[in-house]
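Structure file start.txt with compact mmCIF, C-alpha atoms:
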# COMPACT_ATOMS: atom_id res chain seq x y z
CA MET A 1 156.76 -186.05 -116.80
CA LEU A 2 154.57 -182.96 -116.69
CA SER A 3 151.95 -184.11 -114.23
CA ASN A 4 152.36 -185.15 -110.61
CA THR A 5 151.98 -188.71 -109.37
CA SER A 6 151.45 -189.91 -105.82
CA GLU A 7 155.24 -190.50 -105.64
CA ARG A 8 156.79 -187.51 -107.38
CA TRP A 9 156.28 -183.93 -108.42
CA GLY A 10 155.84 -183.32 -112.15
CA SER A 11 157.92 -180.75 -113.97
CA ILE A 12 155.09 -178.17 -114.09
CA SER A 13 154.68 -178.19 -110.30
CA ILE A 14 158.45 -178.09 -109.84
CA ALA A 15 158.89 -175.18 -112.25
CA LEU A 16 156.04 -173.24 -110.61
CA HIS A 17 157.50 -173.89 -107.15
CA TRP A 18 161.01 -172.70 -107.96
CA PHE A 19 159.87 -169.74 -110.03
CA SER A 20 157.69 -168.69 -107.07
CA ALA A 21 160.60 -169.14 -104.64
CA VAL A 22 162.90 -166.91 -106.69
CA ALA A 23 160.13 -164.38 -107.40
CA VAL A 24 159.06 -164.14 -103.74
CA VAL A 25 162.62 -163.47 -102.60
CA GLY A 26 163.19 -160.98 -105.43
CA LEU A 27 159.87 -159.21 -104.92
CA PHE A 28 160.37 -158.97 -101.17
CA ALA A 29 163.90 -157.59 -101.51
CA SER A 30 162.91 -155.15 -104.26
CA GLY A 31 159.77 -154.11 -102.38
CA TRP A 32 161.70 -153.35 -99.25
CA TRP A 33 164.28 -151.45 -101.28
CA ILE A 34 161.53 -149.50 -103.10
CA SER A 35 160.08 -148.39 -99.77
CA THR A 36 163.42 -146.75 -98.94
CA LEU A 37 163.92 -144.91 -102.26
CA THR A 38 163.80 -141.14 -102.13
CA TYR A 39 162.03 -139.10 -104.77
CA TYR A 40 165.26 -138.24 -106.57
CA HIS A 41 166.57 -141.78 -106.76
CA PRO A 42 167.04 -142.82 -110.41
CA TRP A 43 165.06 -146.01 -109.74
CA TYR A 44 162.13 -144.28 -107.99
CA ASN A 45 159.85 -144.84 -111.00
CA ALA A 46 161.48 -147.80 -112.75
CA ALA A 47 161.80 -150.11 -109.74
CA PRO A 48 158.05 -150.17 -108.97
CA TRP A 49 157.37 -150.78 -112.67
CA TRP A 50 159.49 -153.97 -112.62
CA HIS A 51 158.16 -154.96 -109.19
CA LYS A 52 154.55 -154.69 -110.43
CA SER A 53 155.25 -156.50 -113.71
CA VAL A 54 156.88 -159.45 -111.93
CA GLY A 55 154.18 -159.36 -109.24
CA ILE A 56 151.34 -159.64 -111.76
CA THR A 57 153.21 -162.48 -113.49
CA LEU A 58 153.55 -164.30 -110.17
CA LEU A 59 149.86 -163.70 -109.41
CA ALA A 60 148.86 -165.31 -112.73
CA LEU A 61 151.22 -168.25 -112.14
CA THR A 62 150.01 -168.67 -108.54
CA LEU A 63 146.40 -168.89 -109.69
CA LEU A 64 147.52 -171.46 -112.28
CA ARG A 65 149.47 -173.25 -109.56
CA VAL A 66 146.44 -173.49 -107.28
CA VAL A 67 144.34 -174.88 -110.14
CA TRP A 68 147.11 -177.34 -111.08
CA ARG A 69 147.39 -178.45 -107.45
CA LEU A 70 143.65 -179.15 -107.36
CA VAL A 71 143.42 -181.04 -110.67
CA THR A 72 146.58 -183.17 -110.42
CA PRO A 73 147.53 -185.65 -107.71
CA THR A 74 149.69 -184.43 -104.83
CA PRO A 75 152.63 -186.66 -103.89
CA ARG A 76 152.14 -188.43 -100.56
CA PRO A 77 153.77 -186.67 -97.61
CA LEU A 78 156.95 -188.30 -96.34
CA GLU A 79 156.41 -187.18 -92.76
CA HIS A 80 154.58 -188.77 -89.86
CA SER A 81 150.93 -187.90 -89.57
CA HIS A 82 151.23 -185.00 -87.10
CA GLU A 83 154.15 -183.54 -89.06
CA ALA A 84 152.24 -184.00 -92.28
CA LEU A 85 149.29 -182.12 -90.80
CA ALA A 86 151.56 -179.25 -89.69
CA ALA A 87 153.16 -179.18 -93.14
CA ARG A 88 149.74 -179.06 -94.81
CA LEU A 89 148.75 -176.17 -92.57
CA GLY A 90 152.02 -174.36 -93.27
CA HIS A 91 151.74 -174.85 -97.01
CA GLY A 92 148.12 -173.67 -96.93
CA LEU A 93 149.17 -170.53 -95.06
CA ILE A 94 151.93 -169.85 -97.58
CA TYR A 95 149.44 -170.08 -100.47
CA LEU A 96 147.04 -167.81 -98.60
CA LEU A 97 149.71 -165.22 -97.81
CA LEU A 98 151.08 -165.35 -101.33
CA LEU A 99 147.64 -164.50 -102.69
CA THR A 100 147.12 -161.83 -100.00
CA VAL A 101 150.39 -160.08 -100.81
CA LEU A 102 149.84 -160.26 -104.56
CA CYS A 103 146.21 -159.11 -104.45
CA SER A 104 146.92 -156.28 -101.99
CA GLY A 105 149.75 -155.11 -104.27
CA TYR A 106 147.38 -155.09 -107.22
CA LEU A 107 144.83 -153.13 -105.15
CA ILE A 108 147.38 -150.44 -104.18
CA SER A 109 148.26 -149.55 -107.75
CA THR A 110 144.71 -149.76 -109.08
CA ALA A 111 143.15 -147.88 -106.15
CA GLU A 112 142.22 -144.88 -108.28
CA GLY A 113 141.29 -146.74 -111.44
CA SER A 114 144.64 -146.80 -113.22
CA PRO A 115 145.63 -150.11 -114.81
CA ILE A 116 148.93 -151.93 -114.14
CA SER A 117 151.32 -152.27 -117.04
CA VAL A 118 152.95 -155.70 -117.29
CA PHE A 119 156.41 -155.20 -118.82
CA GLY A 120 154.79 -152.70 -121.18
CA TRP A 121 153.20 -155.62 -123.08
CA PHE A 122 149.64 -155.26 -121.85
CA GLU A 123 147.66 -153.79 -118.97
CA ILE A 124 145.66 -155.30 -116.13
CA PRO A 125 142.65 -153.04 -115.49
CA ALA A 126 141.48 -151.85 -112.09
CA SER A 127 138.45 -153.55 -110.59
CA TRP A 128 137.48 -153.39 -106.93
CA ARG A 129 137.57 -149.89 -105.40
CA PHE A 130 136.98 -148.76 -101.84
CA SER A 131 137.78 -145.87 -99.54
CA ARG A 132 141.40 -145.31 -98.39
CA GLN A 133 142.28 -148.30 -100.53
CA ALA A 134 145.92 -147.55 -101.32
CA THR A 135 146.81 -146.76 -97.72
CA LEU A 136 145.01 -149.77 -96.21
CA MET A 137 146.26 -152.18 -98.86
CA GLY A 138 149.77 -150.73 -98.49
CA THR A 139 149.77 -151.65 -94.81
CA LEU A 140 148.39 -155.12 -95.55
CA HIS A 141 150.97 -155.62 -98.34
CA TRP A 142 153.84 -154.79 -95.97
CA TYR A 143 152.80 -157.04 -93.07
CA ALA A 144 151.59 -159.92 -95.24
CA ALA A 145 154.89 -159.81 -97.19
CA TRP A 146 156.89 -160.02 -93.97
CA THR A 147 154.77 -162.90 -92.69
CA LEU A 148 155.16 -164.67 -96.01
CA VAL A 149 158.97 -164.47 -96.08
CA ILE A 150 159.21 -165.58 -92.46
CA LEU A 151 157.00 -168.60 -93.25
CA ALA A 152 158.96 -169.23 -96.45
CA ALA A 153 162.21 -169.16 -94.49
CA GLY A 154 160.71 -171.67 -92.05
CA HIS A 155 159.57 -173.77 -95.01
CA ALA A 156 163.14 -173.78 -96.39
CA LEU A 157 164.62 -174.63 -92.97
CA PHE A 158 162.27 -177.58 -92.58
CA ALA A 159 163.16 -178.80 -96.07
CA LEU A 160 166.85 -178.69 -95.12
CA LYS A 161 166.14 -180.41 -91.80
CA HIS A 162 164.27 -183.22 -93.55
CA HIS A 163 167.14 -183.55 -95.99
CA PHE A 164 170.15 -183.40 -93.71
CA LEU A 165 168.86 -184.58 -90.34
CA ASP A 166 165.96 -186.86 -91.21
CA HIS A 167 167.52 -188.16 -94.46
CA ARG A 168 164.22 -187.97 -96.27
CA ALA A 169 163.63 -187.17 -99.93
CA THR A 170 161.46 -184.11 -99.21
CA LEU A 171 163.92 -181.71 -100.84
CA THR A 172 165.21 -183.92 -103.65
CA ARG A 173 161.61 -184.72 -104.61
CA MET A 174 161.09 -181.02 -105.32
CA LEU A 175 164.23 -181.15 -107.46
CA GLY A 176 162.64 -183.79 -109.67
CA ARG A 177 163.67 -187.09 -108.12
CA GLY A 178 161.32 -189.81 -106.95
CA SER A 179 161.01 -190.78 -103.30
CA MET B 1 130.17 -141.85 -88.88
CA LEU B 2 128.88 -141.52 -85.33
CA LYS B 3 131.66 -139.03 -84.65
CA ARG B 4 130.58 -136.91 -87.60
CA THR B 5 126.92 -137.05 -86.54
CA PHE B 6 127.98 -135.91 -83.10
CA ALA B 7 130.09 -133.11 -84.55
CA THR B 8 127.16 -131.97 -86.72
CA ALA B 9 124.84 -132.02 -83.72
CA ALA B 10 127.36 -130.08 -81.65
CA THR B 11 127.77 -127.53 -84.45
CA ALA B 12 123.99 -127.17 -84.76
CA LEU B 13 123.71 -126.66 -81.01
CA LEU B 14 126.47 -124.06 -81.14
CA LEU B 15 124.86 -122.27 -84.04
CA SER B 16 121.44 -122.19 -82.41
CA GLY B 17 123.02 -120.49 -79.40
CA TRP B 18 124.14 -117.59 -81.50
CA GLY B 19 120.75 -115.83 -81.38
CA ALA B 20 122.50 -112.49 -80.77
CA SER B 21 122.99 -111.69 -84.43
CA ALA B 22 119.35 -112.22 -85.31
CA MET B 23 119.75 -111.34 -88.97
CA ALA B 24 122.75 -113.53 -89.60
CA ALA B 25 121.83 -116.62 -91.52
CA ASP B 26 123.62 -119.88 -90.94
CA TYR B 27 124.64 -121.95 -93.89
CA LYS B 28 125.85 -125.48 -94.36
CA ILE B 29 128.30 -126.15 -97.16
CA ASP B 30 126.56 -128.14 -99.88
CA THR B 31 128.71 -131.25 -99.93
CA GLU B 32 125.65 -133.40 -100.55
CA GLY B 33 124.99 -131.81 -103.93
CA GLN B 34 128.75 -131.50 -104.39
CA HIS B 35 128.76 -127.77 -105.02
CA ALA B 36 131.94 -127.44 -103.04
CA PHE B 37 135.61 -128.10 -103.75
CA VAL B 38 138.78 -127.99 -101.70
CA GLN B 39 141.62 -128.00 -104.17
CA PHE B 40 145.35 -127.64 -103.91
CA LYS B 41 148.06 -126.75 -106.36
CA ILE B 42 151.71 -127.45 -105.77
CA SER B 43 154.71 -127.20 -108.02
CA HIS B 44 156.33 -130.35 -109.36
CA LEU B 45 160.10 -129.80 -109.48
CA GLY B 46 159.43 -126.22 -110.57
CA TYR B 47 158.45 -127.58 -114.00
CA SER B 48 154.65 -127.82 -113.77
CA TYR B 49 151.91 -128.12 -111.18
CA ILE B 50 150.14 -130.97 -109.47
CA LEU B 51 146.46 -130.25 -108.99
CA GLY B 52 144.51 -132.23 -106.49
CA GLU B 53 141.66 -132.04 -104.07
CA PHE B 54 140.25 -133.34 -100.84
CA ARG B 55 137.06 -135.21 -101.53
CA ASP B 56 135.64 -135.45 -98.03
CA PHE B 57 135.00 -132.36 -95.96
CA SER B 58 132.21 -130.47 -94.25
CA GLY B 59 131.66 -126.95 -93.10
CA THR B 60 129.33 -124.23 -92.01
CA PHE B 61 129.33 -120.47 -92.16
CA SER B 62 127.36 -117.50 -91.01
CA TYR B 63 126.75 -114.64 -93.41
CA ASP B 64 124.84 -111.41 -92.93
CA PRO B 65 125.18 -108.82 -95.69
CA ASP B 66 124.24 -106.09 -93.19
CA ASN B 67 126.85 -107.10 -90.67
CA LEU B 68 129.77 -108.48 -92.63
CA ASP B 69 132.20 -108.13 -89.72
CA ALA B 70 130.23 -110.84 -87.92
CA SER B 71 130.85 -113.39 -90.70
CA LYS B 72 132.10 -116.73 -89.50
CA ALA B 73 133.15 -119.93 -91.18
CA GLU B 74 134.51 -123.29 -90.29
CA LEU B 75 135.66 -126.19 -92.36
CA THR B 76 136.83 -129.69 -91.50
CA VAL B 77 138.73 -131.63 -94.16
CA GLN B 78 139.44 -135.37 -94.01
CA THR B 79 143.11 -135.51 -94.99
CA GLY B 80 142.75 -139.16 -96.01
CA SER B 81 140.47 -138.12 -98.87
CA LEU B 82 143.30 -136.54 -100.89
CA TYR B 83 143.01 -137.25 -104.60
CA SER B 84 145.35 -136.30 -107.44
CA ASN B 85 144.50 -139.10 -109.88
CA HIS B 86 147.55 -141.22 -109.05
CA ALA B 87 147.08 -143.88 -106.38
CA GLU B 88 150.73 -144.33 -105.41
CA ARG B 89 151.40 -140.60 -105.24
CA ASP B 90 148.28 -140.01 -103.16
CA LYS B 91 149.27 -142.83 -100.82
CA HIS B 92 152.70 -141.19 -100.48
CA LEU B 93 151.25 -137.69 -99.91
CA MET B 94 148.99 -139.10 -97.17
CA SER B 95 151.88 -141.01 -95.55
CA ALA B 96 154.04 -139.85 -92.66
CA ASP B 97 156.45 -138.24 -95.17
CA PHE B 98 153.92 -135.48 -95.80
CA LEU B 99 150.36 -135.15 -94.43
CA ASP B 100 150.47 -138.17 -92.11
CA ALA B 101 146.74 -138.70 -92.51
CA GLY B 102 146.85 -141.69 -90.17
CA THR B 103 147.99 -139.56 -87.22
CA TYR B 104 146.26 -136.34 -88.31
CA PRO B 105 143.06 -137.47 -90.02
CA THR B 106 141.52 -134.01 -90.15
CA ALA B 107 142.57 -130.48 -91.02
CA THR B 108 140.34 -127.72 -89.68
CA PHE B 109 139.83 -124.05 -90.25
CA VAL B 110 137.94 -121.92 -87.75
CA SER B 111 137.56 -118.25 -88.54
CA THR B 112 138.37 -115.61 -85.96
CA GLY B 113 137.48 -112.47 -87.89
CA PHE B 114 136.43 -110.99 -91.20
CA THR B 115 137.41 -107.68 -92.75
CA PRO B 116 135.47 -106.67 -95.84
CA ASP B 117 137.32 -104.69 -98.49
CA ALA B 118 136.54 -100.96 -98.34
CA ASP B 119 135.72 -100.76 -102.05
CA ASP B 120 133.78 -104.01 -102.44
CA PRO B 121 131.62 -105.60 -99.72
CA ASP B 122 131.65 -108.89 -101.64
CA GLU B 123 135.38 -109.26 -101.08
CA GLY B 124 137.41 -109.39 -97.96
CA THR B 125 139.90 -111.15 -95.75
CA LEU B 126 138.82 -113.99 -93.51
CA THR B 127 141.27 -114.58 -90.69
CA GLY B 128 141.27 -117.82 -88.78
CA ASP B 129 143.14 -120.73 -87.26
CA LEU B 130 144.16 -123.50 -89.58
CA THR B 131 145.14 -126.79 -88.01
CA LEU B 132 147.09 -128.99 -90.39
CA HIS B 133 149.46 -131.84 -89.59
CA GLY B 134 148.74 -131.19 -85.91
CA VAL B 135 150.00 -127.60 -86.10
CA THR B 136 147.67 -124.61 -85.64
CA LYS B 137 148.59 -121.36 -87.36
CA GLN B 138 146.75 -118.18 -88.13
CA VAL B 139 146.00 -117.78 -91.84
CA GLU B 140 144.31 -115.19 -93.98
CA LEU B 141 141.97 -116.29 -96.72
CA GLU B 142 141.14 -113.96 -99.58
CA VAL B 143 137.41 -114.43 -99.88
CA GLU B 144 134.99 -113.36 -102.56
CA ARG B 145 131.26 -113.80 -102.60
CA ILE B 146 130.39 -114.92 -106.11
CA GLY B 147 126.61 -114.91 -105.89
CA GLY B 148 123.60 -116.07 -103.99
CA GLY B 149 119.85 -116.29 -103.87
CA ASP B 150 117.00 -118.74 -104.31
CA ASP B 151 117.87 -121.99 -106.00
CA PRO B 152 115.48 -123.92 -108.29
CA TRP B 153 114.77 -126.59 -105.63
CA GLY B 154 113.27 -124.48 -102.87
CA GLY B 155 116.48 -123.64 -101.07
CA TYR B 156 118.47 -120.49 -100.57
CA ARG B 157 122.21 -120.43 -101.14
CA GLN B 158 125.26 -118.22 -101.10
CA GLY B 159 128.43 -119.08 -102.98
CA PHE B 160 132.00 -118.07 -102.30
CA GLU B 161 135.55 -118.71 -103.27
CA ALA B 162 138.60 -118.41 -101.07
CA GLN B 163 142.31 -118.84 -101.52
CA THR B 164 145.51 -118.76 -99.60
CA ARG B 165 149.10 -119.90 -99.79
CA LEU B 166 150.60 -122.12 -97.11
CA GLU B 167 154.29 -122.56 -96.39
CA LEU B 168 154.46 -126.28 -95.66
CA ALA B 169 157.36 -125.86 -93.22
CA ASP B 170 155.03 -123.78 -91.01
CA TYR B 171 153.00 -126.95 -90.50
CA GLY B 172 155.95 -129.22 -89.82
CA ILE B 173 155.91 -130.77 -93.30
CA ASP B 174 159.51 -131.06 -94.41
CA MET B 175 160.00 -130.20 -98.09
CA SER B 176 163.64 -129.17 -97.72
CA SER B 177 164.88 -131.91 -100.06
CA PHE B 178 162.65 -130.56 -102.85
CA PRO B 179 163.22 -127.45 -104.93
CA GLU B 180 162.07 -124.13 -103.52
CA PRO B 181 158.87 -123.83 -105.62
CA MET B 182 157.60 -127.01 -103.92
CA HIS B 183 157.88 -125.55 -100.44
CA TYR B 184 154.45 -123.97 -100.53
CA VAL B 185 150.99 -125.02 -101.63
CA ASP B 186 148.14 -122.90 -102.94
CA LEU B 187 144.71 -123.72 -101.63
CA TYR B 188 141.58 -122.89 -103.55
CA ILE B 189 138.19 -123.46 -101.98
CA THR B 190 134.85 -122.74 -103.59
CA PHE B 191 131.48 -123.67 -102.22
CA GLU B 192 127.82 -122.96 -101.98
CA GLY B 193 126.18 -122.93 -98.59
CA LEU B 194 122.59 -123.90 -98.09
CA ARG B 195 120.75 -121.68 -95.65
CA GLN B 196 119.59 -123.76 -92.69

Represent the structure contained in this file as structure tokens.
Amino acid sequence: MLSNTSERWGSISIALHWFSAVAVVGLFASGWWISTLTYYHPWYNAAPWWHKSVGITLLALTLLRVVWRLVTPTPRPLEHSHEALAARLGHGLIYLLLLTVLCSGYLISTAEGSPISVFGWFEIPASWRFSRQATLMGTLHWYAAWTLVILAAGHALFALKHHFLDHRATLTRMLGRGS
Amino acid sequence: MLKRTFATAATALLLSGWGASAMAADYKIDTEGQHAFVQFKISHLGYSYILGEFRDFSGTFSYDPDNLDASKAELTVQTGSLYSNHAERDKHLMSADFLDAGTYPTATFVSTGFTPDADDPDEGTLTGDLTLHGVTKQVELEVERIGGGDDPWGGYRQGFEAQTRLELADYGIDMSSFPEPMHYVDLYITFEGLRQ
């Protein structure tokens, strides 16, 4: 089943979720590592190239994910109403931070009009330009990325709590099972 | 913005107090018409050069052909306006690893003396204090007056070029992990001043 129902996540939502999870962890780890590379490190140029290619891919998929979320049903929350509200807020923040990190990353590399190469297949052109862009967006990218992984870690902990302590289907539902 | 307006006003006030050298004309560097450039050139690995510039700066000078020794100049450069046509490199050059533009947003030059060449009054050495990366050092700029006179728009201008070489270690910028040719940077400045 591709699409979501009110009881279960469809395979498109599930695939987007788990791709994002892996990509966010990989991008955060690689981004942190990149910030420590010295000029003479063999990966000084190649690592950002991969980081940007994966980042642009995740940006495209995240935009698709937001659209998909809006046009397909969302499975009913399994939590009590106040928990469900907190979860909604948390999920909303994660989407917002994901877009903030991805867009600020795009704005760093395109700050002086250069496009971003995506795996060498094609290029994403620069668009918005403003003063001190790379420096300001670099700072935003760093703090937003940290906030995102902290929230994502909380998100994962809550999923495990619901699974092991509350014995709810929150986690298994995202693995493709019904509730 | 307000800060810059204040600085301009303070400079104007300072200049107007100079009445002593009645003949000396005061000039403002024509950044508005963009007839002014602050460029740098630094080796890359000893293989080629990186050329770049600072896009945001302002300055004034005083020039009297009959009293060249009284020449004065000052220039303030916004270090965050560095541009070398590569966003990530520029971000890195402006970071704490090099210029630290966040902590030291401006670099300034204030002249302390001018010695015209004996054989050519249009050339000489401008001595002054350069503050870069929070460190103030005396530098000597080789200056040449290129030309000057009435412009087609009702103004009067004088144009110069100046150059010097800076050892980056003198300004607390650590280049020790890079090859020797990258330890210094050549500065080239050319500008027209509009008589005020």

What are the nearest atom pairs, with distances in Å to one decimal, for all residues of chain A that come at most 8 Å from chain B, using all atoms listed in the file, set out by chain and rising residue number as JSON lines?
{"residue": "A:Ile108", "atom": "CA", "partner": "B:Ala87", "partner_atom": "CA", "distance": 6.9}
{"residue": "A:Ser109", "atom": "CA", "partner": "B:Ala87", "partner_atom": "CA", "distance": 6.0}
{"residue": "A:Thr110", "atom": "CA", "partner": "B:Ala87", "partner_atom": "CA", "distance": 6.9}
{"residue": "A:Ala111", "atom": "CA", "partner": "B:Ala87", "partner_atom": "CA", "distance": 5.6}
{"residue": "A:Glu112", "atom": "CA", "partner": "B:Ala87", "partner_atom": "CA", "distance": 5.3}
{"residue": "A:Ser114", "atom": "CA", "partner": "B:His86", "partner_atom": "CA", "distance": 7.5}
{"residue": "A:Arg132", "atom": "CA", "partner": "B:Gly80", "partner_atom": "CA", "distance": 6.7}
{"residue": "A:Ala134", "atom": "CA", "partner": "B:Lys91", "partner_atom": "CA", "distance": 5.8}
{"residue": "A:Thr135", "atom": "CA", "partner": "B:Lys91", "partner_atom": "CA", "distance": 5.6}

(150.5, -116.7, -91.3) in this file's frame - what residues fall within 9 Å of it? Use only C-alpha atoms and give the answer as a CSV table (one decimal) with C-alpha atoms, in the coordinates of the input.
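Final file, part_6.csv:
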chain,number,residue,atom,x,y,z
B,137,LYS,CA,148.6,-121.4,-87.4
B,138,GLN,CA,146.8,-118.2,-88.1
B,139,VAL,CA,146.0,-117.8,-91.8
B,140,GLU,CA,144.3,-115.2,-94.0
B,166,LEU,CA,150.6,-122.1,-97.1
B,167,GLU,CA,154.3,-122.6,-96.4
B,170,ASP,CA,155.0,-123.8,-91.0

Would you please work out which residue, of A:Arg69, A:His91, A:His17, A:His51, is nearest to His155 (chain A) when using only C-alpha atoms? A:His91

Pairwise distance for CA of Ser111 (chain B) and CA of Gly149 (chain B), rounded to one decimal in Å: 23.5 Å

For a test of reading the model, state the distance in Å between CA of Leu160 (chain A) and CA of His141 (chain A), rounded to one decimal. 28.2 Å

Can you pull out every residue within 7 Å of region 36-47 of chain B, counting only C-alpha atoms, but drop anything in the same chain fewer than 3 positions away, and send it as number ranges by chain? B: 30-31, 50-54, 179, 181-182, 184-192

In terms of all atoms listed in the file, the residue from B:Tyr104, B:Tyr171, B:Phe109, B:Phe160 at minimal distance from Gly59 (chain B) is B:Phe109

note - CA of Gln163 (chain B) and CA of Ser176 (chain B) are separated by 24.0 Å

Could you list as a VMD selection string every residue that has an atom within 12 Å of (159.3, -167.3, -94.5), using the file's coordinates and counting all atoms listed in the file? chain A and resid 21 24 to 25 28 90 to 91 93 to 95 97 to 98 144 to 158

Nearest to Leu63 (chain A): which of A:Thr170, A:Cys103, A:Tyr143, A:Glu83 is it, counting all atoms listed in the file? A:Cys103
